[in-house]
Amino acid sequence: MTWTERATPPSANRNRMQEASCIFCRIVRGEIPSRRLYEDEEILAFHDINPLAPVHFLIIPTSHIASMMDLEEEHRTLLGKMMVLAPRLARDHGAGDGFRLIVNTGRVGRQEVQHVHMHIIGGGEPLGSMLPRPRS
Ligand code: 5GP
Ligand code: ZN
């Protein structure tokens, strides 16, 4: 066995190590308080701690998936459920007139928390443009 093989934990172990310290896994376990909107075995929704608009909440899987880049075929149903839940919660929590769903992904997407999450942002006035257009 090479040094690299010994130093790199198998992916299941690596995932467990990530889960232990992941902020959103800690929110799922109730170790960090959150204002919850919805929960079932597979999905949790809670208000963002630093809202960008009158309505800003997050929908996450309760199991640790670091990023959209890690999605596999087996996650198809779960992601579909999260997507279908978004407008229902938006309607019930003050964003019935439309919202923006954002999933920041990886370095280029400026994902800060490494646990897949959908931002649902809306309420009040129409939001700013999606992204500033690069100057030509
Ligand atoms: P990202 O930039 O990864 O797409 O977004 C992470 C989001 O998680 C940010 O909007 C941030 O405000 C939110 N967030 C980070 N830590 C916490 C926390 O401890 N509680 C809650 N409710 N939201 C958090
Ligand atoms: Zn996690």
# chains A, B, ... in the order shown; residues from 1 in each chain; ligands from 1

$ closest_atom_pairs --of "chain A" --to "ligand 1" --cutoff "12 Å" --atoms "only C-alpha atoms and all ligand atoms" --output "CSV"
residue,atom,partner,partner_atom_place_in_ligand_line,distance
A:Ser21,CA,ligand 1,19 (O),12.0
A:Cys22,CA,ligand 1,16 (N),9.9
A:Ile23,CA,ligand 1,19 (O),6.2
A:Phe24,CA,ligand 1,19 (O),7.2
A:Cys25,CA,ligand 1,19 (O),10.3
A:Arg26,CA,ligand 1,19 (O),8.8
A:Ile27,CA,ligand 1,19 (O),7.3
A:Val28,CA,ligand 1,20 (N),10.7
A:Gly30,CA,ligand 1,19 (O),11.1
A:Glu31,CA,ligand 1,19 (O),10.2
A:Ile32,CA,ligand 1,19 (O),6.7
A:Pro33,CA,ligand 1,20 (N),7.4
A:Ser34,CA,ligand 1,22 (N),5.3
A:Arg35,CA,ligand 1,22 (N),6.9
A:Arg36,CA,ligand 1,22 (N),8.7
A:Leu37,CA,ligand 1,22 (N),11.1
A:Leu44,CA,ligand 1,22 (N),11.3
A:Ala45,CA,ligand 1,22 (N),9.4
A:Phe46,CA,ligand 1,22 (N),6.2
A:His47,CA,ligand 1,22 (N),5.3
A:Asp48,CA,ligand 1,22 (N),4.1
A:Ile49,CA,ligand 1,22 (N),3.9
A:Asn50,CA,ligand 1,12 (O),4.2
A:Pro51,CA,ligand 1,12 (O),6.6
A:Leu52,CA,ligand 1,10 (O),7.8
A:Ala53,CA,ligand 1,10 (O),10.9
A:Val55,CA,ligand 1,10 (O),11.9
A:His56,CA,ligand 1,10 (O),8.3
A:Phe57,CA,ligand 1,22 (N),7.9
A:Leu58,CA,ligand 1,8 (O),7.6
A:Ile59,CA,ligand 1,8 (O),10.4
A:Ile60,CA,ligand 1,8 (O),10.5
A:Ala66,CA,ligand 1,3 (O),10.3
A:Ser67,CA,ligand 1,3 (O),9.5
A:Met68,CA,ligand 1,4 (O),11.2
A:Leu101,CA,ligand 1,4 (O),10.8
A:Ile102,CA,ligand 1,4 (O),7.7
A:Val103,CA,ligand 1,4 (O),6.3
A:Asn104,CA,ligand 1,4 (O),4.6
A:Thr105,CA,ligand 1,4 (O),7.3
A:Gly106,CA,ligand 1,3 (O),8.8
A:Arg107,CA,ligand 1,3 (O),10.1
A:Val108,CA,ligand 1,2 (O),11.1
A:Gly109,CA,ligand 1,4 (O),8.0
A:Arg110,CA,ligand 1,2 (O),6.0
A:Gln111,CA,ligand 1,3 (O),3.9
A:Glu112,CA,ligand 1,3 (O),3.4
A:Val113,CA,ligand 1,3 (O),3.9
A:Gln114,CA,ligand 1,3 (O),6.6
A:His115,CA,ligand 1,3 (O),7.8
A:Val116,CA,ligand 1,3 (O),8.1
A:His117,CA,ligand 1,4 (O),6.9
A:Met118,CA,ligand 1,4 (O),7.7
A:His119,CA,ligand 1,4 (O),7.1
A:Ile120,CA,ligand 1,10 (O),10.1
A:Ile121,CA,ligand 1,10 (O),10.1

$ residues_around --residues "A:Gly80" --least-positions-apart "6" --cutoff "12 Å" --atoms "only C-alpha atoms" --output "list in words"
Glu42, Ile43, Ile59, Pro61, Glu73, Glu74, Ala86 and Met118 of chain A

$ write_last_selection --atoms "C-alpha atoms" --output "CSV table (one decimal), in the first residue's frame"
chain,number,residue,atom,x,y,z
A,42,GLU,CA,-34.9,13.5,3.4
A,43,ILE,CA,-35.3,17.3,3.3
A,59,ILE,CA,-33.7,23.8,1.1
A,61,PRO,CA,-31.1,17.2,1.7
A,73,GLU,CA,-28.4,9.1,-10.7
A,74,GLU,CA,-29.5,7.9,-7.2
A,86,ALA,CA,-39.7,25.1,-3.4
A,118,MET,CA,-31.1,25.6,-2.8

$ select_by_dssp --residues "stretch 13-135 of chain A" --states "strand (DSSP E or B)" --output "list of chain:residue names"
A:Arg36, A:Leu37, A:Tyr38, A:Glu39, A:Ile43, A:Leu44, A:Ala45, A:Phe46, A:His47, A:Val55, A:His56, A:Phe57, A:Leu58, A:Ile59, A:Ile60, A:Pro61, A:Phe99, A:Arg100, A:Leu101, A:Ile102, A:Met118, A:His119, A:Ile120, A:Ile121, A:Gly122

$ atom_distance --atom1 "atom 1 (Zn, counted along the ligand's line) of ligand 2" --atom2 "atom CA of A:Glu39"
15.4 Å

$ closest_residue --among "A:Leu71, A:Ala12, A:Leu89, A:Ile65" --to "ligand 2" --atoms "only C-alpha atoms and all ligand atoms"
A:Ile65

$ select_by_dssp --residues "stretch 34-107 of chain A" --states "helix (DSSP H, G or I)" --output "list in words"
Met68, Met69, Asp70, Glu73, Glu74, His75, Arg76, Thr77, Leu78, Leu79, Gly80, Lys81, Met82, Met83, Val84, Leu85, Ala86, Pro87, Arg88, Leu89, Ala90, Arg91 and Asp92 of chain A
